[in-house]
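Asker: Sharing upload.cif (mmCIF, C-alpha atoms (C1' of nucleotides)) below.
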```
data_query
#
loop_
_atom_site.label_atom_id
_atom_site.label_comp_id
_atom_site.auth_asym_id
_atom_site.auth_seq_id
_atom_site.Cartn_x
_atom_site.Cartn_y
_atom_site.Cartn_z
CA MET A 9 -99.29 62.04 -349.82
CA ASN A 10 -96.41 61.31 -352.06
CA GLY A 11 -97.21 62.63 -355.53
CA GLY A 12 -95.41 65.89 -356.11
CA CYS A 13 -93.89 65.85 -352.64
CA THR A 14 -90.54 64.32 -353.53
CA ASN A 15 -87.66 66.77 -353.33
CA ASP A 16 -86.09 65.19 -356.32
CA ASP A 17 -88.18 64.17 -359.28
CA ALA A 18 -85.86 61.23 -359.85
CA SER A 19 -85.96 59.72 -356.36
CA LEU A 20 -88.95 57.67 -355.35
CA THR A 21 -90.22 55.71 -352.39
CA ILE A 22 -91.04 52.08 -352.80
CA GLY A 23 -94.74 52.79 -353.14
CA THR A 24 -94.25 55.23 -355.98
CA LEU A 25 -91.83 52.85 -357.68
CA GLY A 26 -94.41 50.13 -357.38
CA LYS A 27 -97.13 52.23 -358.96
CA ARG A 28 -94.85 53.46 -361.71
CA THR A 29 -93.68 49.98 -362.71
CA GLY A 30 -96.78 47.98 -361.88
CA VAL A 31 -94.89 45.79 -359.44
CA ASN A 32 -96.19 44.99 -355.98
CA ILE A 33 -94.26 46.54 -353.09
CA GLU A 34 -93.72 43.18 -351.43
CA THR A 35 -92.41 41.82 -354.68
CA ILE A 36 -89.93 44.67 -354.99
CA ARG A 37 -88.59 43.93 -351.53
CA TYR A 38 -88.49 40.26 -352.44
CA TYR A 39 -86.43 41.03 -355.54
CA GLU A 40 -84.03 42.99 -353.41
CA ARG A 41 -83.79 40.17 -350.90
CA ILE A 42 -82.84 37.63 -353.54
CA GLY A 43 -80.39 40.04 -355.13
CA LEU A 44 -82.26 40.63 -358.36
CA LEU A 45 -82.61 44.32 -357.64
CA PRO A 46 -79.62 46.05 -356.04
CA GLU A 47 -80.10 47.34 -352.51
CA ALA A 48 -81.66 50.77 -352.47
CA ALA A 49 -80.14 53.72 -350.69
CA ARG A 50 -81.90 54.70 -347.47
CA SER A 51 -83.37 57.97 -346.34
CA ALA A 52 -82.84 59.41 -342.86
CA GLY A 53 -85.92 57.53 -341.68
CA ASN A 54 -84.65 54.25 -343.15
CA TYR A 55 -86.96 54.37 -346.16
CA ARG A 56 -85.72 52.88 -349.39
CA VAL A 57 -84.88 55.54 -351.98
CA TYR A 58 -84.95 54.65 -355.66
CA GLY A 59 -83.48 56.39 -358.68
CA PRO A 60 -83.98 56.10 -362.45
CA ALA A 61 -81.60 53.15 -362.70
CA HIS A 62 -83.81 51.14 -360.37
CA VAL A 63 -86.87 52.04 -362.38
CA ARG A 64 -85.20 50.85 -365.57
CA ARG A 65 -84.03 47.63 -364.02
CA LEU A 66 -87.40 46.86 -362.49
CA VAL A 67 -89.23 47.52 -365.74
CA PHE A 68 -86.79 45.17 -367.45
CA ILE A 69 -87.55 42.52 -364.88
CA ARG A 70 -91.29 42.97 -365.21
CA LYS A 71 -91.21 42.70 -368.99
CA ALA A 72 -89.07 39.58 -368.83
CA ARG A 73 -91.39 38.07 -366.22
CA ASP A 74 -94.36 38.93 -368.41
CA LEU A 75 -92.71 36.82 -371.09
CA GLY A 76 -92.62 33.97 -368.63
CA PHE A 77 -88.88 33.83 -368.02
CA PRO A 78 -88.07 32.27 -364.66
CA LEU A 79 -86.27 34.53 -362.21
CA GLU A 80 -82.92 32.84 -362.71
CA VAL A 81 -83.11 33.48 -366.42
CA VAL A 82 -84.16 37.06 -365.76
CA ARG A 83 -81.04 37.34 -363.63
CA ALA A 84 -78.96 36.06 -366.53
CA LEU A 85 -80.62 38.45 -368.96
CA LEU A 86 -79.90 41.36 -366.65
CA GLU A 87 -76.25 40.39 -366.43
CA LEU A 88 -76.05 40.05 -370.19
CA SER A 89 -77.61 43.43 -370.72
CA ASP A 90 -74.69 44.84 -368.73
CA GLN A 91 -72.14 43.22 -371.04
CA PRO A 92 -72.68 44.87 -374.42
CA ASP A 93 -69.73 43.13 -376.06
CA ARG A 94 -70.92 39.59 -375.65
CA PRO A 95 -72.63 37.97 -378.62
CA CYS A 96 -76.34 38.42 -378.99
CA ALA A 97 -76.60 34.70 -379.70
CA VAL A 98 -76.42 34.00 -375.97
CA VAL A 99 -79.55 36.04 -375.47
CA ASP A 100 -81.19 34.50 -378.48
CA HIS A 101 -80.57 31.06 -377.05
CA LEU A 102 -82.39 31.93 -373.82
CA VAL A 103 -85.32 33.20 -375.82
CA GLU A 104 -85.41 30.03 -377.93
CA GLU A 105 -85.41 27.91 -374.81
CA GLN A 106 -88.26 29.88 -373.34
CA LEU A 107 -90.13 29.60 -376.62
CA ALA A 108 -89.67 25.84 -376.61
CA GLU A 109 -90.90 25.68 -373.04
CA VAL A 110 -93.99 27.68 -373.88
CA GLU A 111 -94.71 25.48 -376.87
CA ARG A 112 -94.40 22.38 -374.77
CA LYS A 113 -96.91 23.81 -372.32
CA LEU A 114 -99.19 24.83 -375.16
CA SER A 115 -99.35 21.35 -376.59
CA ASP A 116 -99.92 19.88 -373.15
CA LEU A 117 -102.79 22.27 -372.61
CA HIS A 118 -104.23 21.57 -376.05
CA ARG A 119 -104.44 17.90 -375.22
CA LEU A 120 -105.97 18.74 -371.87
CA ARG A 121 -108.54 21.02 -373.44
CA ASP A 122 -109.63 18.37 -375.93
CA GLU A 123 -109.95 15.81 -373.18
CA LEU A 124 -112.02 18.12 -370.99
CA ASP A 125 -114.11 19.15 -373.94
CA ARG A 126 -114.93 15.55 -374.71
CA LEU A 127 -115.88 15.02 -371.08
CA ALA A 128 -117.97 18.15 -370.81
CA HIS A 129 -120.17 17.15 -373.69
CA GLN A 130 -121.07 13.82 -372.17
CA CYS A 131 -123.31 15.17 -369.45
CA ARG A 132 -126.90 14.15 -370.10
CA GLY A 133 -128.27 15.76 -366.97
CA GLY A 134 -129.04 12.66 -364.92
CA SER A 135 -127.71 11.74 -361.50
CA ILE A 136 -124.13 11.03 -360.60
CA SER A 137 -124.70 7.30 -360.75
CA GLU A 138 -125.13 7.65 -364.51
CA CYS A 139 -122.50 10.35 -364.85
CA ARG A 140 -120.06 9.63 -367.65
CA ILE A 141 -117.57 12.04 -366.18
CA ILE A 142 -117.26 10.26 -362.88
CA GLU A 143 -117.26 7.03 -364.85
CA ALA A 144 -114.35 8.25 -366.94
CA LEU A 145 -112.35 9.01 -363.83
CA SER A 146 -113.12 5.72 -362.15
CA PRO A 147 -110.86 2.81 -363.05
CA MET B 15 -89.03 -8.26 -353.89
CA ASN B 16 -92.69 -7.71 -353.66
CA GLY B 17 -94.29 -8.88 -356.88
CA GLY B 18 -96.04 -12.18 -356.28
CA CYS B 19 -94.91 -12.25 -352.67
CA THR B 20 -97.98 -10.67 -351.11
CA ASN B 21 -100.08 -13.11 -349.09
CA ASP B 22 -103.17 -11.52 -350.44
CA ASP B 23 -103.39 -10.50 -354.05
CA ALA B 24 -105.56 -7.61 -353.00
CA SER B 25 -103.28 -6.11 -350.35
CA LEU B 26 -100.30 -4.06 -351.39
CA THR B 27 -97.47 -2.11 -349.86
CA ILE B 28 -97.06 1.52 -350.71
CA GLY B 29 -94.33 0.78 -353.25
CA THR B 30 -96.49 -1.64 -355.17
CA LEU B 31 -99.42 0.73 -355.03
CA GLY B 32 -97.17 3.45 -356.39
CA LYS B 33 -96.02 1.33 -359.31
CA ARG B 34 -99.52 0.11 -360.04
CA THR B 35 -101.04 3.58 -360.13
CA GLY B 36 -98.08 5.57 -361.39
CA VAL B 37 -98.05 7.77 -358.32
CA ASN B 38 -94.90 8.59 -356.39
CA ILE B 39 -94.66 7.06 -352.92
CA GLU B 40 -94.05 10.42 -351.30
CA THR B 41 -97.07 11.77 -353.06
CA ILE B 42 -99.24 8.93 -351.77
CA ARG B 43 -98.15 9.69 -348.22
CA TYR B 44 -98.78 13.36 -348.89
CA TYR B 45 -102.32 12.60 -350.08
CA GLU B 46 -102.91 10.66 -346.90
CA ARG B 47 -101.54 13.50 -344.80
CA ILE B 48 -103.91 16.02 -346.34
CA GLY B 49 -106.83 13.63 -346.06
CA LEU B 50 -107.34 13.01 -349.76
CA LEU B 51 -106.63 9.33 -349.37
CA PRO B 52 -108.02 7.61 -346.26
CA GLU B 53 -105.49 6.32 -343.76
CA ALA B 54 -104.25 2.89 -344.66
CA ALA B 55 -104.36 -0.06 -342.30
CA ARG B 56 -101.00 -1.06 -340.85
CA SER B 57 -99.11 -4.33 -340.88
CA ALA B 58 -97.35 -5.78 -337.80
CA GLY B 59 -94.22 -3.89 -338.83
CA ASN B 60 -96.13 -0.63 -339.19
CA TYR B 61 -96.17 -0.75 -342.97
CA ARG B 62 -99.15 0.76 -344.74
CA VAL B 63 -101.42 -1.90 -346.23
CA TYR B 64 -103.61 -1.04 -349.18
CA GLY B 65 -106.63 -2.76 -350.66
CA PRO B 66 -108.54 -2.49 -353.93
CA ALA B 67 -110.56 0.49 -352.68
CA HIS B 68 -107.37 2.47 -352.23
CA VAL B 69 -106.20 1.55 -355.68
CA ARG B 70 -109.46 2.73 -357.17
CA ARG B 71 -109.43 5.97 -355.24
CA LEU B 72 -105.83 6.72 -356.12
CA VAL B 73 -106.37 6.04 -359.81
CA PHE B 74 -109.35 8.37 -359.68
CA ILE B 75 -107.16 11.04 -358.13
CA ARG B 76 -104.40 10.57 -360.69
CA LYS B 77 -106.77 10.81 -363.61
CA ALA B 78 -108.36 13.94 -362.21
CA ARG B 79 -104.93 15.46 -361.57
CA ASP B 80 -103.91 14.57 -365.12
CA LEU B 81 -106.84 16.65 -366.26
CA GLY B 82 -105.41 19.52 -364.27
CA PHE B 83 -108.01 19.69 -361.52
CA PRO B 84 -106.61 21.28 -358.37
CA LEU B 85 -106.53 19.04 -355.31
CA GLU B 86 -109.49 20.77 -353.66
CA VAL B 87 -111.61 20.09 -356.73
CA VAL B 88 -110.38 16.51 -356.80
CA ARG B 89 -111.55 16.26 -353.22
CA ALA B 90 -114.96 17.55 -354.24
CA LEU B 91 -115.14 15.13 -357.17
CA LEU B 92 -114.31 12.24 -354.87
CA GLU B 93 -117.06 13.23 -352.48
CA LEU B 94 -119.51 13.55 -355.34
CA SER B 95 -118.59 10.15 -356.67
CA ASP B 96 -119.71 8.78 -353.31
CA GLN B 97 -123.12 10.41 -353.58
CA PRO B 98 -124.76 8.73 -356.58
CA ASP B 99 -128.09 10.48 -356.10
CA ARG B 100 -126.91 14.02 -356.53
CA PRO B 101 -127.36 15.57 -359.95
CA CYS B 102 -124.64 15.11 -362.49
CA ALA B 103 -124.87 18.82 -363.25
CA VAL B 104 -122.75 19.54 -360.19
CA VAL B 105 -119.95 17.49 -361.69
CA ASP B 106 -120.48 18.98 -365.09
CA HIS B 107 -120.11 22.43 -363.62
CA LEU B 108 -116.70 21.58 -362.15
CA VAL B 109 -115.59 20.28 -365.52
CA GLU B 110 -116.80 23.41 -367.27
CA GLU B 111 -114.91 25.57 -364.82
CA GLN B 112 -111.74 23.60 -365.37
CA LEU B 113 -112.27 23.83 -369.11
CA ALA B 114 -112.62 27.59 -368.86
CA GLU B 115 -109.47 27.77 -366.78
CA VAL B 116 -107.53 25.74 -369.30
CA GLU B 117 -108.78 27.92 -372.13
CA ARG B 118 -107.75 31.03 -370.29
CA LYS B 119 -104.26 29.61 -369.86
CA LEU B 120 -104.19 28.57 -373.48
CA SER B 121 -104.93 32.02 -374.75
CA ASP B 122 -102.38 33.53 -372.37
CA LEU B 123 -99.76 31.13 -373.67
CA HIS B 124 -100.72 31.81 -377.28
CA ARG B 125 -100.06 35.49 -376.79
CA LEU B 126 -96.81 34.68 -375.05
CA ARG B 127 -95.72 32.39 -377.83
CA ASP B 128 -96.37 35.01 -380.48
CA GLU B 129 -94.46 37.60 -378.51
CA LEU B 130 -91.47 35.31 -378.01
CA ASP B 131 -91.60 34.25 -381.63
CA ARG B 132 -91.46 37.84 -382.74
CA LEU B 133 -88.48 38.41 -380.45
CA ALA B 134 -86.65 35.29 -381.49
CA HIS B 135 -86.65 36.27 -385.14
CA GLN B 136 -85.05 39.60 -384.49
CA CYS B 137 -81.60 38.28 -383.68
CA ARG B 138 -79.16 39.29 -386.39
CA GLY B 139 -76.15 37.71 -384.74
CA GLY B 140 -74.32 40.83 -383.59
CA SER B 141 -73.32 41.83 -380.10
CA ILE B 142 -75.60 42.53 -377.20
CA SER B 143 -75.28 46.25 -377.70
CA GLU B 144 -77.22 45.85 -380.95
CA CYS B 145 -79.50 43.16 -379.60
CA ARG B 146 -83.15 43.84 -380.30
CA ILE B 147 -84.20 41.44 -377.61
CA ILE B 148 -82.43 43.27 -374.81
CA GLU B 149 -83.68 46.46 -376.39
CA ALA B 150 -87.24 45.24 -376.26
CA LEU B 151 -86.92 44.50 -372.56
CA SER B 152 -85.32 47.81 -371.74
CA PRO B 153 -87.67 50.72 -371.09
"C1'" DG C 28 -97.78 70.14 -329.10
"C1'" DC C 29 -100.81 66.23 -330.18
"C1'" DT C 30 -103.32 63.10 -332.98
"C1'" DG C 31 -104.58 60.45 -336.92
"C1'" DG C 32 -103.79 58.14 -340.92
"C1'" DG C 33 -101.09 56.66 -344.57
"C1'" DG C 34 -97.14 55.20 -345.69
"C1'" DG C 35 -92.75 52.49 -344.62
"C1'" DC C 36 -89.69 48.85 -342.00
"C1'" DT C 37 -88.25 43.82 -340.58
"C1'" DG C 38 -89.07 39.09 -340.16
"C1'" DT C 39 -91.64 35.18 -340.71
"C1'" DA C 40 -95.21 32.06 -342.42
"C1'" DG C 41 -98.23 30.58 -346.01
"C1'" DC C 42 -99.88 29.22 -350.78
"C1'" DG C 43 -99.98 24.51 -354.27
"C1'" DG C 44 -98.35 20.27 -355.04
"C1'" DC C 45 -95.25 17.95 -354.43
"C1'" DT C 46 -90.07 16.27 -353.65
"C1'" DA C 47 -86.00 15.24 -350.99
"C1'" DC C 48 -83.70 14.30 -347.47
"C1'" DA C 49 -82.04 12.36 -342.47
"C1'" DG C 50 -82.15 8.94 -339.39
"C1'" DG C 51 -84.20 5.22 -338.14
"C1'" DG C 52 -87.09 0.31 -338.40
"C1'" DT C 53 -88.52 -4.16 -341.07
"C1'" DC C 54 -88.23 -8.08 -343.85
"C1'" DA C 55 -86.75 -11.80 -346.82
"C1'" DA C 56 -82.96 -13.99 -349.37
"C1'" DG C 57 -78.40 -15.98 -349.21
"C1'" DC D 13 -76.03 -13.09 -339.51
"C1'" DT D 14 -75.64 -9.92 -342.89
"C1'" DT D 15 -77.02 -7.49 -346.75
"C1'" DG D 16 -79.88 -4.65 -349.23
"C1'" DA D 17 -84.37 -3.33 -350.60
"C1'" DC D 18 -88.05 -1.54 -348.77
"C1'" DC D 19 -90.69 1.12 -345.31
"C1'" DC D 20 -91.41 4.63 -341.38
"C1'" DT D 21 -91.64 9.68 -339.36
"C1'" DG D 22 -90.69 14.37 -339.53
"C1'" DT D 23 -88.95 18.26 -341.52
"C1'" DA D 24 -87.21 21.39 -345.06
"C1'" DG D 25 -87.01 22.85 -349.79
"C1'" DC D 26 -88.76 24.15 -354.49
"C1'" DC D 27 -91.02 28.73 -357.28
"C1'" DG D 28 -92.60 33.31 -357.04
"C1'" DC D 29 -94.68 35.65 -354.66
"C1'" DT D 30 -98.26 37.27 -350.90
"C1'" DA D 31 -99.83 38.27 -346.30
"C1'" DC D 32 -99.48 39.12 -342.08
"C1'" DA D 33 -97.72 41.07 -337.12
"C1'" DG D 34 -95.78 44.49 -334.79
"C1'" DC D 35 -93.30 48.11 -335.09
"C1'" DC D 36 -91.44 53.17 -336.95
"C1'" DC D 37 -91.83 57.61 -339.71
"C1'" DC D 38 -93.84 61.59 -341.65
"C1'" DC D 39 -97.03 65.13 -342.59
"C1'" DA D 40 -101.49 67.63 -342.23
"C1'" DG D 41 -104.74 69.66 -339.37
"C1'" DC D 42 -106.26 71.35 -334.94
#
```
For this file, produce the structure as structure tokens.
Answerer:
Amino acid sequence: MNGGCTNDDASLTIGTLGKRTGVNIETIRYYERIGLLPEAARSAGNYRVYGPAHVRRLVFIRKARDLGFPLEVVRALLELSDQPDRPCAVVDHLVEEQLAEVERKLSDLHRLRDELDRLAHQCRGGSISECRIIEALSP
Amino acid sequence: MNGGCTNDDASLTIGTLGKRTGVNIETIRYYERIGLLPEAARSAGNYRVYGPAHVRRLVFIRKARDLGFPLEVVRALLELSDQPDRPCAVVDHLVEEQLAEVERKLSDLHRLRDELDRLAHQCRGGSISECRIIEALSP
DNA sequence: GCTGGGGGCTGTAGCGGCTACAGGGTCAAG
DNA sequence: CTTGACCCTGTAGCCGCTACAGCCCCCAGC
């Protein structure tokens, strides 16, 4: 068991970090591999050991991912958050871009929904030979 | 050049098929590889030769893909379209499922959009140290 | 001391749905 | 005969994980 067994309240194993941040263990290792999360220190038995800074960084990443930012943009956001003197406008721009991307996807999906809706209401319960849906897909 | 140069109006090379259906050549070969499109006959020079049936099938696939159906569902739809006696309800069910999926994505994206919108309007043009966006991502 | 079970480690392969090469062959026009 | 557009195969890459296989480590209980 791990809960309550850590010597130091502030140092966690990967499993505990995962539970605390809601990020899958494999994903955490993946983030380390691609350099999004700095390499963790290792225990005597070669276990990764995480501190509060890792927790903060990983939560940051998760929140950004939840907002749909691609990993490369998350990487940029992390770097920016380490440079407090740069203008906020840089960050704002990334958010605007992401917003535009989401709105593009939204309008695509709206069109798709309408199309599918139209199709779905054409079923009259016969056999496929009279199926308007198949008909609509056929040239 | 290929346009008008085919011996048989009804037999096309992969490039012509691609242009006619709006599907990338590599994608057509990919569909063949995964068994979505039947293997084409071959010319003396080992070129794929397509007939009207291929065109029809590929257009069907493209339309279904445009509606967002995953390839495995497209495969099912194709099989159904070859079985005219089965009930249309089977097809209708696949459409309903896809519709539900699209609506799920839509509502996810709506939430995302609102969140990003909220964030985007918080920029007051200062430096990152006062940036509400970075703040919102930090724990 | 010995065992069992729950963690952890590395490295690699797979998902979906393409897309992009490299390194060759084919074909028709000039 | 050469040029250049097209085609062929096979393989690797994209994104963002996820899922193994095959090992090691650690602690509790007996």
Asker: Do me a favour and pick out the residues of chain A within 7 Å of chain B, using all atoms listed in the file, as an MDAnalysis selection string.
Answerer: chainID A and resid 64 67:68 71:72 75 89 92:97 100 103:104 107 110 114 117 120:121 124:125 128 131 133:137 139 142 145:147
Asker: Please evaluate the PyMOL selection byres ((chain D and resi 37) around 10) against the structure above and give the resulting residues as a PDB file with C-alpha atoms (C1' of nucleotides), in the coordinates of the input.
Answerer:
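Result written to part.pdb:
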```
ATOM      1  CA  ALA A  52     -82.840  59.410-342.860  1.00  0.00           C
ATOM      2  CA  GLY A  53     -85.920  57.530-341.680  1.00  0.00           C
ATOM      3  CA  ASN A  54     -84.650  54.250-343.150  1.00  0.00           C
ATOM      4  CA  TYR A  55     -86.960  54.370-346.160  1.00  0.00           C
TER       5      TYR A  55
ATOM      6  C1'  DG C  34     -97.140  55.200-345.690  1.00  0.00           C
ATOM      7  C1'  DG C  35     -92.750  52.490-344.620  1.00  0.00           C
ATOM      8  C1'  DC C  36     -89.690  48.850-342.000  1.00  0.00           C
TER       9       DC C  36
ATOM     10  C1'  DC D  36     -91.440  53.170-336.950  1.00  0.00           C
ATOM     11  C1'  DC D  38     -93.840  61.590-341.650  1.00  0.00           C
ATOM     12  C1'  DC D  39     -97.030  65.130-342.590  1.00  0.00           C
TER      13       DC D  39
END
```
Asker: Using Å and a single decimal, report how far CA of Ile42 in chain B sits from C1' of DT39 in chain C.
Answerer: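 Atom-to-atom, C1' of DT39 in chain C to CA of Ile42 in chain B, that is 29.5 Å.
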Asker: What residues in chain A lie within 12 Å of chain C, counting all atoms listed in the file, written as a list of chain:residue names?
Answerer: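 Residues passing the distance filter: A:Met9, A:Asn10, A:Thr21, A:Ile22, A:Gly23, A:Thr24, A:Ile33, A:Glu34, A:Arg37, A:Arg41, A:Arg50, A:Ser51, A:Gly53, A:Asn54, A:Tyr55, A:Arg56, A:Val57.
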Asker: Identify all chain D residues at most 9 Å from chain B by counting all atoms listed in the file; ligands do not count. Present them as JSON, numbers by chain.
Answerer: {"D": [17, 18, 19, 20]}
Asker: Okay, now the selection with C-alpha atoms (C1' of nucleotides), as an mmCIF file, in the coordinates of the input?
Answerer:
```cif
data_model
loop_
_atom_site.group_PDB
_atom_site.id
_atom_site.type_symbol
_atom_site.label_atom_id
_atom_site.label_comp_id
_atom_site.auth_asym_id
_atom_site.auth_seq_id
_atom_site.Cartn_x
_atom_site.Cartn_y
_atom_site.Cartn_z
ATOM 1 C "C1'" DA D 17 -84.370 -3.330 -350.600
ATOM 2 C "C1'" DC D 18 -88.050 -1.540 -348.770
ATOM 3 C "C1'" DC D 19 -90.690 1.120 -345.310
ATOM 4 C "C1'" DC D 20 -91.410 4.630 -341.380
#
```
Asker: Could you check how far CA of Glu105 in chain A sits from CA of Glu87 in chain A, in Å to one decimal?
Answerer: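 Computing it gives 17.6 Å between the two atoms.
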Asker: Rounded to one decimal in Å, what is the spacing between CA of Pro60 in chain A and CA of Arg132 in chain B?
Answerer: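 The value is 28.3 Å.
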Asker: For range 114-141 of chain B, which lacks atoms in the input, supply N, CA and C atoms and format the output as a PDB file, in the frame of the given file.
Answerer:
```pdb
ATOM      1  N   ALA B 114    -112.790  26.144-368.698  1.00  0.00           N
ATOM      2  CA  ALA B 114    -112.620  27.590-368.860  1.00  0.00           C
ATOM      3  C   ALA B 114    -111.233  28.022-368.411  1.00  0.00           C
ATOM      4  N   GLU B 115    -110.792  27.451-367.295  1.00  0.00           N
ATOM      5  CA  GLU B 115    -109.470  27.770-366.780  1.00  0.00           C
ATOM      6  C   GLU B 115    -108.379  27.385-367.787  1.00  0.00           C
ATOM      7  N   VAL B 116    -108.522  26.203-368.336  1.00  0.00           N
ATOM      8  CA  VAL B 116    -107.530  25.740-369.300  1.00  0.00           C
ATOM      9  C   VAL B 116    -107.540  26.643-370.532  1.00  0.00           C
ATOM     10  N   GLU B 117    -108.729  27.062-370.943  1.00  0.00           N
ATOM     11  CA  GLU B 117    -108.780  27.920-372.130  1.00  0.00           C
ATOM     12  C   GLU B 117    -108.186  29.297-371.871  1.00  0.00           C
ATOM     13  N   ARG B 118    -108.371  29.760-370.656  1.00  0.00           N
ATOM     14  CA  ARG B 118    -107.750  31.030-370.290  1.00  0.00           C
ATOM     15  C   ARG B 118    -106.228  30.899-370.376  1.00  0.00           C
ATOM     16  N   LYS B 119    -105.708  29.816-369.819  1.00  0.00           N
ATOM     17  CA  LYS B 119    -104.260  29.610-369.860  1.00  0.00           C
ATOM     18  C   LYS B 119    -103.766  29.463-371.282  1.00  0.00           C
ATOM     19  N   LEU B 120    -104.567  28.759-372.088  1.00  0.00           N
ATOM     20  CA  LEU B 120    -104.190  28.570-373.480  1.00  0.00           C
ATOM     21  C   LEU B 120    -104.044  29.899-374.194  1.00  0.00           C
ATOM     22  N   SER B 121    -105.010  30.771-374.005  1.00  0.00           N
ATOM     23  CA  SER B 121    -104.930  32.020-374.750  1.00  0.00           C
ATOM     24  C   SER B 121    -103.798  32.899-374.224  1.00  0.00           C
ATOM     25  N   ASP B 122    -103.549  32.834-372.921  1.00  0.00           N
ATOM     26  CA  ASP B 122    -102.380  33.530-372.370  1.00  0.00           C
ATOM     27  C   ASP B 122    -101.103  33.028-373.043  1.00  0.00           C
ATOM     28  N   LEU B 123    -100.985  31.718-373.114  1.00  0.00           N
ATOM     29  CA  LEU B 123     -99.760  31.130-373.670  1.00  0.00           C
ATOM     30  C   LEU B 123     -99.628  31.418-375.160  1.00  0.00           C
ATOM     31  N   HIS B 124    -100.764  31.469-375.853  1.00  0.00           N
ATOM     32  CA  HIS B 124    -100.720  31.810-377.280  1.00  0.00           C
ATOM     33  C   HIS B 124    -100.112  33.191-377.478  1.00  0.00           C
ATOM     34  N   ARG B 125    -100.601  34.133-376.699  1.00  0.00           N
ATOM     35  CA  ARG B 125    -100.060  35.490-376.790  1.00  0.00           C
ATOM     36  C   ARG B 125     -98.573  35.496-376.485  1.00  0.00           C
ATOM     37  N   LEU B 126     -98.207  34.765-375.448  1.00  0.00           N
ATOM     38  CA  LEU B 126     -96.810  34.680-375.050  1.00  0.00           C
ATOM     39  C   LEU B 126     -95.961  34.101-376.164  1.00  0.00           C
ATOM     40  N   ARG B 127     -96.461  33.056-376.764  1.00  0.00           N
ATOM     41  CA  ARG B 127     -95.720  32.390-377.830  1.00  0.00           C
ATOM     42  C   ARG B 127     -95.462  33.351-378.984  1.00  0.00           C
ATOM     43  N   ASP B 128     -96.508  34.072-379.366  1.00  0.00           N
ATOM     44  CA  ASP B 128     -96.370  35.010-380.480  1.00  0.00           C
ATOM     45  C   ASP B 128     -95.331  36.075-380.176  1.00  0.00           C
ATOM     46  N   GLU B 129     -95.399  36.555-378.943  1.00  0.00           N
ATOM     47  CA  GLU B 129     -94.460  37.600-378.510  1.00  0.00           C
ATOM     48  C   GLU B 129     -93.014  37.081-378.577  1.00  0.00           C
ATOM     49  N   LEU B 130     -92.815  35.890-378.034  1.00  0.00           N
ATOM     50  CA  LEU B 130     -91.470  35.310-378.010  1.00  0.00           C
ATOM     51  C   LEU B 130     -90.993  35.006-379.429  1.00  0.00           C
ATOM     52  N   ASP B 131     -91.916  34.563-380.240  1.00  0.00           N
ATOM     53  CA  ASP B 131     -91.600  34.250-381.630  1.00  0.00           C
ATOM     54  C   ASP B 131     -91.102  35.490-382.351  1.00  0.00           C
ATOM     55  N   ARG B 132     -91.835  36.558-382.154  1.00  0.00           N
ATOM     56  CA  ARG B 132     -91.460  37.840-382.740  1.00  0.00           C
ATOM     57  C   ARG B 132     -90.034  38.209-382.299  1.00  0.00           C
ATOM     58  N   LEU B 133     -89.795  38.080-380.991  1.00  0.00           N
ATOM     59  CA  LEU B 133     -88.480  38.410-380.450  1.00  0.00           C
ATOM     60  C   LEU B 133     -87.390  37.527-381.048  1.00  0.00           C
ATOM     61  N   ALA B 134     -87.672  36.239-381.087  1.00  0.00           N
ATOM     62  CA  ALA B 134     -86.650  35.290-381.490  1.00  0.00           C
ATOM     63  C   ALA B 134     -86.164  35.540-382.915  1.00  0.00           C
ATOM     64  N   HIS B 135     -87.036  36.067-383.749  1.00  0.00           N
ATOM     65  CA  HIS B 135     -86.650  36.270-385.140  1.00  0.00           C
ATOM     66  C   HIS B 135     -85.953  37.592-385.387  1.00  0.00           C
ATOM     67  N   GLN B 136     -85.686  38.311-384.297  1.00  0.00           N
ATOM     68  CA  GLN B 136     -85.050  39.600-384.490  1.00  0.00           C
ATOM     69  C   GLN B 136     -83.543  39.542-384.311  1.00  0.00           C
ATOM     70  N   CYS B 137     -83.044  38.403-383.896  1.00  0.00           N
ATOM     71  CA  CYS B 137     -81.600  38.280-383.680  1.00  0.00           C
ATOM     72  C   CYS B 137     -80.871  38.291-385.014  1.00  0.00           C
ATOM     73  N   ARG B 138     -79.937  39.217-385.152  1.00  0.00           N
ATOM     74  CA  ARG B 138     -79.160  39.290-386.390  1.00  0.00           C
ATOM     75  C   ARG B 138     -77.717  38.843-386.181  1.00  0.00           C
ATOM     76  N   GLY B 139     -77.465  38.302-384.987  1.00  0.00           N
ATOM     77  CA  GLY B 139     -76.150  37.710-384.740  1.00  0.00           C
ATOM     78  C   GLY B 139     -75.045  38.668-384.350  1.00  0.00           C
ATOM     79  N   GLY B 140     -75.374  39.892-383.977  1.00  0.00           N
ATOM     80  CA  GLY B 140     -74.320  40.830-383.590  1.00  0.00           C
ATOM     81  C   GLY B 140     -73.970  40.716-382.119  1.00  0.00           C
ATOM     82  N   SER B 141     -73.627  41.829-381.526  1.00  0.00           N
ATOM     83  CA  SER B 141     -73.320  41.830-380.100  1.00  0.00           C
ATOM     84  C   SER B 141     -74.529  42.354-379.326  1.00  0.00           C
TER      85      SER B 141
END
```
